[in-house]
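Student: This is upload-v3.txt (compact mmCIF, C-alpha atoms and all ligand atoms).
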# COMPACT_ATOMS: atom_id res chain seq x y z
CA MET M 19 -15.06 14.39 3.01
CA LEU M 20 -15.42 14.45 6.77
CA PHE M 21 -17.77 11.49 6.62
CA LYS M 22 -15.40 9.63 4.35
CA ASN M 23 -12.55 10.17 6.80
CA PHE M 24 -14.74 9.10 9.67
CA LYS M 25 -15.83 5.97 7.83
CA GLU M 26 -12.23 5.15 6.94
CA GLY M 27 -11.24 5.73 10.55
CA VAL M 28 -13.88 3.33 11.81
CA LEU M 29 -12.93 0.70 9.24
CA GLU M 30 -9.29 1.16 10.19
CA VAL M 31 -10.06 0.43 13.84
CA LEU M 32 -12.35 -2.50 13.10
CA PHE M 33 -10.27 -4.03 10.35
CA PRO M 34 -6.70 -2.77 10.55
CA LYS M 35 -4.72 -3.43 7.38
CA VAL M 36 -2.12 -6.09 8.02
CA CYS M 37 0.96 -7.30 6.16
CA THR M 38 0.19 -10.20 3.81
CA VAL M 39 3.37 -11.96 4.88
CA CYS M 40 3.82 -11.46 8.64
CA GLY M 41 0.31 -10.35 9.67
CA LEU M 42 1.51 -7.30 11.60
CA LYS M 43 -0.35 -3.99 11.31
CA LEU M 44 0.71 -1.84 8.36
CA THR M 45 1.64 1.83 8.68
CA SER M 46 -0.05 4.41 6.46
CA ASN M 47 2.82 4.42 3.93
CA GLU M 48 2.83 0.66 3.53
CA ASN M 49 0.44 -1.04 1.12
CA PHE M 50 0.17 -4.84 1.33
CA VAL M 51 3.56 -6.08 2.47
CA CYS M 52 5.37 -4.27 5.30
CA ASN M 53 8.78 -2.69 4.72
CA LEU M 54 10.47 -5.04 7.16
CA CYS M 55 9.28 -8.07 5.17
CA LEU M 56 10.19 -6.46 1.84
CA ASN M 57 13.69 -5.69 3.05
CA GLU M 58 14.58 -8.63 5.22
CA LYS M 59 12.34 -11.64 4.73
CA PHE M 60 13.67 -12.80 1.38
CA GLU M 61 17.06 -13.80 0.07
CA GLU M 62 18.46 -11.36 -2.45
CA ALA M 63 19.65 -12.93 -5.72
CA SER M 64 23.36 -12.50 -6.22
CA ARG M 65 24.14 -10.09 -9.04
CA GLU M 66 27.53 -8.69 -8.12
CA GLY M 67 29.19 -7.56 -11.33
CA LYS M 68 27.29 -10.07 -13.47
CA THR M 69 24.83 -9.58 -16.32
CA ALA M 70 22.84 -12.63 -15.17
CA SER M 71 21.78 -13.30 -11.60
CA SER M 72 21.19 -16.99 -12.42
CA ASP M 73 23.74 -19.41 -13.91
CA ILE M 74 21.89 -19.61 -17.22
CA MET M 75 23.71 -18.50 -20.39
CA LEU M 76 21.85 -15.63 -21.99
CA PRO M 77 21.02 -15.93 -25.71
CA GLU M 78 22.26 -13.22 -28.07
CA GLY M 79 20.21 -10.03 -27.88
CA ILE M 80 19.49 -10.34 -24.15
CA SER M 81 21.89 -8.08 -22.28
CA LEU M 82 20.70 -8.60 -18.72
CA GLN M 83 18.78 -11.08 -16.57
CA HIS M 84 18.00 -9.50 -13.23
CA ALA M 85 16.10 -11.19 -10.42
CA LEU M 86 15.28 -9.53 -7.13
CA TRP M 87 15.11 -12.60 -4.87
CA ASN M 88 15.90 -16.30 -4.90
CA PHE M 89 12.78 -18.42 -4.96
CA ASP M 90 12.12 -20.18 -1.63
CA LYS M 91 10.27 -23.38 -2.35
CA GLY M 92 7.51 -23.75 0.23
CA GLY M 93 8.39 -20.41 1.81
CA HIS M 94 6.86 -16.94 2.17
CA LEU M 95 7.80 -15.80 -1.32
CA GLN M 96 6.14 -18.77 -2.98
CA ASP M 97 3.04 -18.02 -0.92
CA LEU M 98 3.07 -14.40 -1.93
CA LEU M 99 3.54 -15.09 -5.65
CA HIS M 100 0.81 -17.70 -5.49
CA GLN M 101 -1.58 -15.18 -3.95
CA LEU M 102 -0.72 -12.72 -6.66
CA LYS M 103 -1.50 -15.27 -9.35
CA TYR M 104 -4.61 -16.91 -8.02
CA GLN M 105 -6.17 -14.75 -5.33
CA ARG M 106 -6.29 -11.43 -7.13
CA LEU M 107 -4.01 -9.65 -4.71
CA ILE M 108 -3.09 -7.10 -7.34
CA GLY M 109 -1.68 -4.64 -4.81
CA VAL M 110 0.92 -7.22 -3.76
CA GLY M 111 2.14 -7.24 -7.37
CA GLU M 112 2.65 -3.49 -7.26
CA ASP M 113 4.50 -3.69 -3.93
CA LEU M 114 6.81 -6.35 -5.36
CA GLY M 115 7.22 -4.32 -8.56
CA ARG M 116 8.32 -1.25 -6.61
CA GLN M 117 10.90 -3.35 -4.75
CA LEU M 118 12.10 -4.82 -8.07
CA GLY M 119 12.34 -1.29 -9.50
CA LYS M 120 14.55 -0.16 -6.62
CA SER M 121 16.90 -3.11 -7.11
CA LEU M 122 17.09 -2.40 -10.88
CA LEU M 123 18.11 1.18 -10.15
CA ALA M 124 20.91 -0.16 -7.94
CA ASN M 125 22.23 -2.34 -10.79
CA PRO M 126 24.83 -0.39 -12.82
CA PHE M 127 24.41 -2.66 -15.88
CA PHE M 128 20.78 -1.65 -15.98
CA THR M 129 21.15 2.09 -15.45
CA GLU M 130 23.89 2.21 -18.09
CA ARG M 131 21.71 0.49 -20.73
CA ILE M 132 18.61 2.63 -20.28
CA LYS M 133 20.47 5.90 -20.81
CA ASN M 134 19.71 7.68 -24.10
CA ASN M 135 17.44 4.91 -25.34
CA LYS M 136 13.76 4.46 -26.02
CA VAL M 137 12.84 2.04 -23.23
CA GLY M 138 9.62 0.18 -22.46
CA LEU M 139 8.51 -2.34 -19.84
CA LEU M 140 6.88 -5.43 -21.30
CA PRO M 141 4.95 -7.71 -18.90
CA VAL M 142 4.98 -11.27 -20.28
CA PRO M 143 1.63 -11.46 -22.10
CA LEU M 144 -1.02 -13.93 -20.96
CA HIS M 145 -3.27 -15.69 -23.44
CA LYS M 146 -6.55 -13.77 -23.58
CA LYS M 147 -8.54 -16.76 -22.36
CA LYS M 148 -6.32 -17.04 -19.31
CA ARG M 149 -6.46 -13.29 -18.73
CA ARG M 150 -10.22 -13.35 -18.93
CA MET M 151 -10.41 -16.23 -16.49
CA ARG M 152 -8.01 -14.68 -14.01
CA GLY M 153 -9.25 -11.16 -14.66
CA TYR M 154 -5.78 -9.63 -14.90
CA ASN M 155 -2.18 -10.32 -15.86
CA GLN M 156 -0.06 -10.50 -12.71
CA ALA M 157 3.09 -9.47 -14.64
CA PHE M 158 1.32 -6.26 -15.66
CA HIS M 159 0.85 -5.24 -12.03
CA ILE M 160 4.49 -5.97 -11.23
CA ALA M 161 5.42 -3.78 -14.22
CA LYS M 162 3.18 -0.99 -12.90
CA GLY M 163 5.14 -1.02 -9.62
CA VAL M 164 8.45 -0.97 -11.49
CA ALA M 165 7.23 1.90 -13.69
CA GLU M 166 6.34 3.94 -10.62
CA VAL M 167 9.90 3.72 -9.27
CA ILE M 168 11.87 4.02 -12.52
CA ASN M 169 9.48 6.27 -14.42
CA LEU M 170 9.42 4.19 -17.61
CA PRO M 171 6.33 3.46 -19.71
CA VAL M 172 4.59 0.07 -19.70
CA ILE M 173 4.10 -1.10 -23.29
CA GLU M 174 0.39 -1.45 -24.07
CA GLN M 175 -0.96 -4.96 -23.56
CA GLU M 176 -2.14 -5.35 -27.16
CA ALA M 177 1.28 -4.59 -28.70
CA VAL M 178 2.47 -8.15 -28.11
CA ILE M 179 0.03 -10.99 -27.61
CA ARG M 180 0.22 -14.61 -26.65
CA ASN M 181 -1.63 -16.67 -29.20
CA LYS M 182 -0.92 -20.07 -27.73
CA ASN M 183 -2.59 -21.03 -24.46
CA THR M 184 0.06 -23.27 -22.96
CA SER M 185 -0.77 -25.45 -20.00
CA THR M 186 1.41 -25.15 -16.92
CA GLN M 187 5.00 -26.06 -17.70
CA THR M 188 5.90 -27.22 -14.22
CA GLY M 189 7.62 -30.59 -14.33
CA PHE M 190 8.46 -30.39 -18.04
CA SER M 191 12.01 -30.90 -19.25
CA LEU M 192 13.68 -27.85 -20.77
CA GLU M 193 13.35 -29.32 -24.25
CA LYS M 194 9.67 -29.98 -23.76
CA ARG M 195 9.13 -26.47 -22.38
CA ARG M 196 10.81 -24.97 -25.42
CA LYS M 197 8.71 -26.99 -27.85
CA ASN M 198 5.56 -26.19 -25.89
CA ILE M 199 6.15 -22.43 -25.94
CA SER M 200 7.59 -22.14 -29.46
CA GLY M 201 5.69 -19.58 -31.55
CA ALA M 202 3.52 -18.57 -28.59
CA PHE M 203 4.02 -14.80 -28.91
CA GLN M 204 3.18 -12.39 -31.69
CA VAL M 205 4.06 -8.72 -32.09
CA GLN M 206 1.04 -6.77 -33.27
CA LYS M 207 2.24 -3.20 -33.01
CA TYR M 208 5.75 -2.93 -34.37
CA GLU M 209 6.07 0.77 -33.58
CA ALA M 210 5.91 -0.04 -29.86
CA ILE M 211 8.93 -2.36 -30.15
CA GLU M 212 11.14 -1.14 -33.01
CA ASN M 213 14.52 0.36 -32.10
CA SER M 214 13.75 0.24 -28.42
CA VAL M 215 15.13 -1.43 -25.35
CA CYS M 216 12.49 -3.82 -23.99
CA ILE M 217 12.51 -4.89 -20.38
CA ILE M 218 10.55 -8.12 -20.04
CA ILE M 219 8.80 -8.30 -16.65
CA ASP M 220 7.63 -11.52 -15.02
CA ASP M 221 7.09 -13.00 -11.57
CA VAL M 222 9.53 -15.94 -11.68
CA PHE M 223 12.49 -16.75 -13.92
CA THR M 224 12.98 -20.52 -14.10
CA THR M 225 14.57 -22.04 -17.21
CA GLY M 226 14.12 -18.98 -19.38
CA ALA M 227 12.05 -20.99 -21.88
CA THR M 228 9.18 -18.45 -21.85
CA THR M 229 11.16 -15.21 -21.65
CA PHE M 230 13.74 -16.37 -24.24
CA GLU M 231 10.95 -17.27 -26.67
CA LEU M 232 9.37 -13.85 -26.15
CA ALA M 233 12.79 -12.21 -26.58
CA SER M 234 13.42 -13.92 -29.91
CA GLU M 235 10.05 -12.69 -31.19
CA LEU M 236 10.86 -9.14 -30.04
CA LYS M 237 14.26 -9.28 -31.70
CA GLU M 238 12.70 -10.36 -34.97
CA ALA M 239 10.31 -7.42 -34.69
CA GLY M 240 13.21 -4.97 -34.57
CA CYS M 241 13.77 -4.58 -30.85
CA LYS M 242 17.26 -3.21 -30.22
CA GLU M 243 18.04 -4.83 -26.91
CA ILE M 244 16.23 -6.98 -24.36
CA MET M 245 16.54 -7.27 -20.60
CA ILE M 246 14.66 -9.62 -18.27
CA ALA M 247 13.59 -8.48 -14.81
CA THR M 248 11.71 -10.77 -12.42
CA VAL M 249 10.72 -10.75 -8.77
CA ALA M 250 12.18 -14.22 -8.18
CA GLN M 251 14.41 -16.78 -9.81
CA ALA M 252 14.14 -20.50 -9.18
ZN ZN M 301 5.41 -8.03 7.17
Go ahead and express the file in the form of structure tokens.
Tutor:
Amino acid sequence: MLFKNFKEGVLEVLFPKVCTVCGLKLTSNENFVCNLCLNEKFEEASREGKTASSDIMLPEGISLQHALWNFDKGGHLQDLLHQLKYQRLIGVGEDLGRQLGKSLLANPFFTERIKNNKVGLLPVPLHKKKRRMRGYNQAFHIAKGVAEVINLPVIEQEAVIRNKNTSTQTGFSLEKRRKNISGAFQVQKYEAIENSVCIIIDDVFTTGATTFELASELKEAGCKEIMIATVAQA
């Protein structure tokens, strides 16, 4: 124990942990992104009294679309989300998830809907080939952070799978995105979904093509109500 503390102390002096965004030294209660960056660096998405923080019309069955921040093309947030996706910075996902969880708790639409219901967090599933290649699903780690703050269960990763390995949809028209993603998801364990409120968790909400497709599959499987919560919206 003593040795462990000593070793950690030495490592701490030699390689102090720094914030992924601003590079300043982190305090012991900060993980990967410092509190100052989490609270002030990014632009909060406007949600005042609305059930959608973007301008997109929500399909029937989806009661809330909640984004934490507006996407900043070429900015710090894009950097951070890119690191989470491609550089295995799993801890960043959990930091962002905790921040997303706090903002969900401050949204009265959300807190009202989760009362007296069976609720589960559902990270958007990755195709197993992609998950194997990347080693993890970034949405799952965001969901873990959310779960820590709101104390809700994360639905097991095998309950809903993605059986279509879609290529990146960047640059596609909305119609093409929809066609590309159609039929991509499949519910495998109905008991995890039936009669429950599912909160779909993802990193970025763009056109809704992916999350809406997942939502329609969940609805067909007997899900009572669906909400979408993301770190950013484009
Ligand atoms: Zn920072």
Student: Quick check, in Å to one decimal: how far apart do CA of Val142 (chain M) and CA of Ala157 (chain M) lie?
Tutor: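 Distance between the two atoms: 6.2 Å.
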Student: Would you pick out the contacts of region 46-63 of chain M at 6 Å or less, using all atoms listed in the file, so that residues sharing its chain but fewer than 2 positions from it are not included, and give the list as a list in words?
Tutor: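 Those residues are Cys37, Thr38, Leu44, Leu86, Trp87, Asn88 and Val110 of chain M.
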Student: Using only C-alpha atoms, determine which residues lie at most 8 Å from Leu170 (chain M), disregarding the query and same-chain residues fewer than 5 positions distant; provide the list as a list in words.
Tutor: Val137, Gly138, Leu139 and Ala165 of chain M
Student: Keeping C-alpha atoms, export the residues of the selection given above as a compact mmCIF listing (two decimals), in the coordinates of the input.
Tutor:
# COMPACT_ATOMS: atom_id res chain seq x y z
CA VAL M 137 12.84 2.04 -23.23
CA GLY M 138 9.62 0.18 -22.46
CA LEU M 139 8.51 -2.34 -19.84
CA ALA M 165 7.23 1.90 -13.69
Student: Report as a ChimeraX atom specification all protein, DNA and RNA residues lying within 7 Å of Val167 (chain M), evaluated on only C-alpha atoms, omitting residues in the same chain fewer than 4 positions from it.
Tutor: /M:116,119-120,163
Student: Could you write out as JSON the box around region 155-163 of chain M (axis-aligned, all atoms listed in the file, 6 Å on each side), with centre and edge lengths in Å to one decimal?
Tutor:
{"center_x": 1.6, "center_y": -5.7, "center_z": -12.7, "size_x": 19.6, "size_y": 21.5, "size_z": 18.2}
Student: Measuring between only C-alpha atoms, which one of M:Pro171, M:Pro126, M:Pro143, M:Gly201 shows the shortest distance to Glu66 (chain M)?
Tutor: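 Smallest distance to Glu66 (chain M) is found for M:Pro126.
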Student: Give one line per residue of region 41-160 of chain M that approaches region 239-250 of chain M to at most 6 Å, naming the two atoms of the closest pair and their distance in Å to one decimal, counting only C-alpha atoms; sort by chain then ascending residue number and deliver it as a Markdown table.
Tutor:
| residue | atom | partner | partner_atom | distance |
| --- | --- | --- | --- | --- |
| M:Gly79 | CA | M:Glu243 | CA | 5.7 |
| M:Ile80 | CA | M:Ile244 | CA | 4.7 |
| M:Ser81 | CA | M:Met245 | CA | 5.7 |
| M:Leu82 | CA | M:Met245 | CA | 4.8 |
| M:Gln83 | CA | M:Ile246 | CA | 4.7 |
| M:His84 | CA | M:Ala247 | CA | 4.8 |
| M:Ala85 | CA | M:Thr248 | CA | 4.8 |
| M:Leu86 | CA | M:Val249 | CA | 5.0 |
| M:Trp87 | CA | M:Ala250 | CA | 4.7 |
| M:Asn88 | CA | M:Ala250 | CA | 5.4 |
| M:Phe89 | CA | M:Ala250 | CA | 5.3 |
Student: Go through M:Phe203, M:Tyr208, M:Phe158, M:Phe190 and flag the residue nearest Gln175 (chain M), using only C-alpha atoms for the distances.
Tutor: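 Between M:Phe203, M:Tyr208, M:Phe158, M:Phe190, the residue approaching Gln175 (chain M) most closely is M:Phe158.
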Student: Name the closest residue to ligand ZN 301 (chain M) among the candidates M:Lys197, M:Lys207, M:Lys35, M:His159; distances are taken between atoms, counting all atoms listed in the file.
Tutor: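 Smallest distance to ligand ZN 301 (chain M) is found for M:Lys35.
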Student: To one decimal place, how far is CA of Leu95 (chain M) from CA of Leu114 (chain M) in Å?
Tutor: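 For CA of Leu95 (chain M) relative to CA of Leu114 (chain M), the distance reads 10.3 Å.
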Student: Record the distance separating CA of Gly92 (chain M) and CA of Gly41 (chain M), expressed in Å with one decimal.
Tutor: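 CA of Gly41 (chain M) lies 17.9 Å from CA of Gly92 (chain M).
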Student: Can I get region 131-157 of chain M with N, CA and C atoms filled in, as an mmCIF file, in the coordinates of the input?
Tutor:
data_model
loop_
_atom_site.group_PDB
_atom_site.id
_atom_site.type_symbol
_atom_site.label_atom_id
_atom_site.label_comp_id
_atom_site.auth_asym_id
_atom_site.auth_seq_id
_atom_site.Cartn_x
_atom_site.Cartn_y
_atom_site.Cartn_z
ATOM 1 N N ARG M 131 22.392 0.865 -19.480
ATOM 2 C CA ARG M 131 21.710 0.490 -20.730
ATOM 3 C C ARG M 131 20.462 1.331 -21.011
ATOM 4 N N ILE M 132 19.856 1.890 -19.998
ATOM 5 C CA ILE M 132 18.610 2.630 -20.280
ATOM 6 C C ILE M 132 18.860 4.105 -20.603
ATOM 7 N N LYS M 133 20.139 4.506 -20.482
ATOM 8 C CA LYS M 133 20.470 5.900 -20.810
ATOM 9 C C LYS M 133 20.321 6.136 -22.305
ATOM 10 N N ASN M 134 19.801 7.266 -22.686
ATOM 11 C CA ASN M 134 19.710 7.680 -24.100
ATOM 12 C C ASN M 134 19.064 6.653 -25.014
ATOM 13 N N ASN M 135 18.144 5.883 -24.509
ATOM 14 C CA ASN M 135 17.440 4.910 -25.340
ATOM 15 C C ASN M 135 15.945 5.039 -25.159
ATOM 16 N N LYS M 136 15.212 4.596 -26.176
ATOM 17 C CA LYS M 136 13.760 4.460 -26.020
ATOM 18 C C LYS M 136 13.550 3.152 -25.257
ATOM 19 N N VAL M 137 12.955 3.221 -24.083
ATOM 20 C CA VAL M 137 12.840 2.040 -23.230
ATOM 21 C C VAL M 137 11.372 1.775 -22.887
ATOM 22 N N GLY M 138 10.974 0.518 -22.871
ATOM 23 C CA GLY M 138 9.620 0.180 -22.460
ATOM 24 C C GLY M 138 9.596 -1.091 -21.616
ATOM 25 N N LEU M 139 8.669 -1.137 -20.669
ATOM 26 C CA LEU M 139 8.510 -2.340 -19.840
ATOM 27 C C LEU M 139 7.467 -3.234 -20.484
ATOM 28 N N LEU M 140 7.809 -4.508 -20.649
ATOM 29 C CA LEU M 140 6.880 -5.430 -21.300
ATOM 30 C C LEU M 140 6.534 -6.599 -20.375
ATOM 31 N N PRO M 141 5.364 -6.555 -19.714
ATOM 32 C CA PRO M 141 4.950 -7.710 -18.900
ATOM 33 C C PRO M 141 4.729 -8.900 -19.834
ATOM 34 N N VAL M 142 5.189 -10.088 -19.444
ATOM 35 C CA VAL M 142 4.980 -11.270 -20.280
ATOM 36 C C VAL M 142 3.481 -11.422 -20.537
ATOM 37 N N PRO M 143 3.064 -11.415 -21.810
ATOM 38 C CA PRO M 143 1.630 -11.460 -22.100
ATOM 39 C C PRO M 143 1.000 -12.801 -21.691
ATOM 40 N N LEU M 144 -0.236 -12.717 -21.244
ATOM 41 C CA LEU M 144 -1.020 -13.930 -20.960
ATOM 42 C C LEU M 144 -1.939 -14.175 -22.149
ATOM 43 N N HIS M 145 -2.285 -15.402 -22.411
ATOM 44 C CA HIS M 145 -3.270 -15.690 -23.440
ATOM 45 C C HIS M 145 -4.599 -15.060 -23.011
ATOM 46 N N LYS M 146 -5.368 -14.535 -23.981
ATOM 47 C CA LYS M 146 -6.550 -13.770 -23.580
ATOM 48 C C LYS M 146 -7.588 -14.606 -22.817
ATOM 49 N N LYS M 147 -7.625 -15.885 -23.110
ATOM 50 C CA LYS M 147 -8.540 -16.760 -22.360
ATOM 51 C C LYS M 147 -8.144 -16.830 -20.886
ATOM 52 N N LYS M 148 -6.829 -16.949 -20.670
ATOM 53 C CA LYS M 148 -6.320 -17.040 -19.310
ATOM 54 C C LYS M 148 -6.519 -15.712 -18.587
ATOM 55 N N ARG M 149 -6.300 -14.614 -19.325
ATOM 56 C CA ARG M 149 -6.460 -13.290 -18.730
ATOM 57 C C ARG M 149 -7.916 -13.057 -18.350
ATOM 58 N N ARG M 150 -8.795 -13.518 -19.212
ATOM 59 C CA ARG M 150 -10.220 -13.350 -18.930
ATOM 60 C C ARG M 150 -10.618 -14.157 -17.689
ATOM 61 N N MET M 151 -10.079 -15.362 -17.623
ATOM 62 C CA MET M 151 -10.410 -16.230 -16.490
ATOM 63 C C MET M 151 -9.887 -15.661 -15.179
ATOM 64 N N ARG M 152 -8.639 -15.201 -15.229
ATOM 65 C CA ARG M 152 -8.010 -14.680 -14.010
ATOM 66 C C ARG M 152 -8.430 -13.238 -13.749
ATOM 67 N N GLY M 153 -8.799 -12.544 -14.805
ATOM 68 C CA GLY M 153 -9.250 -11.160 -14.660
ATOM 69 C C GLY M 153 -8.139 -10.136 -14.797
ATOM 70 N N TYR M 154 -6.908 -10.556 -14.805
ATOM 71 C CA TYR M 154 -5.780 -9.630 -14.900
ATOM 72 C C TYR M 154 -4.524 -10.421 -15.218
ATOM 73 N N ASN M 155 -3.484 -9.694 -15.640
ATOM 74 C CA ASN M 155 -2.180 -10.320 -15.860
ATOM 75 C C ASN M 155 -1.265 -9.897 -14.711
ATOM 76 N N GLN M 156 -0.848 -10.845 -13.901
ATOM 77 C CA GLN M 156 -0.060 -10.500 -12.710
ATOM 78 C C GLN M 156 1.241 -9.769 -13.059
ATOM 79 N N ALA M 157 1.843 -10.129 -14.224
ATOM 80 C CA ALA M 157 3.090 -9.470 -14.640
ATOM 81 C C ALA M 157 2.856 -7.983 -14.923
#
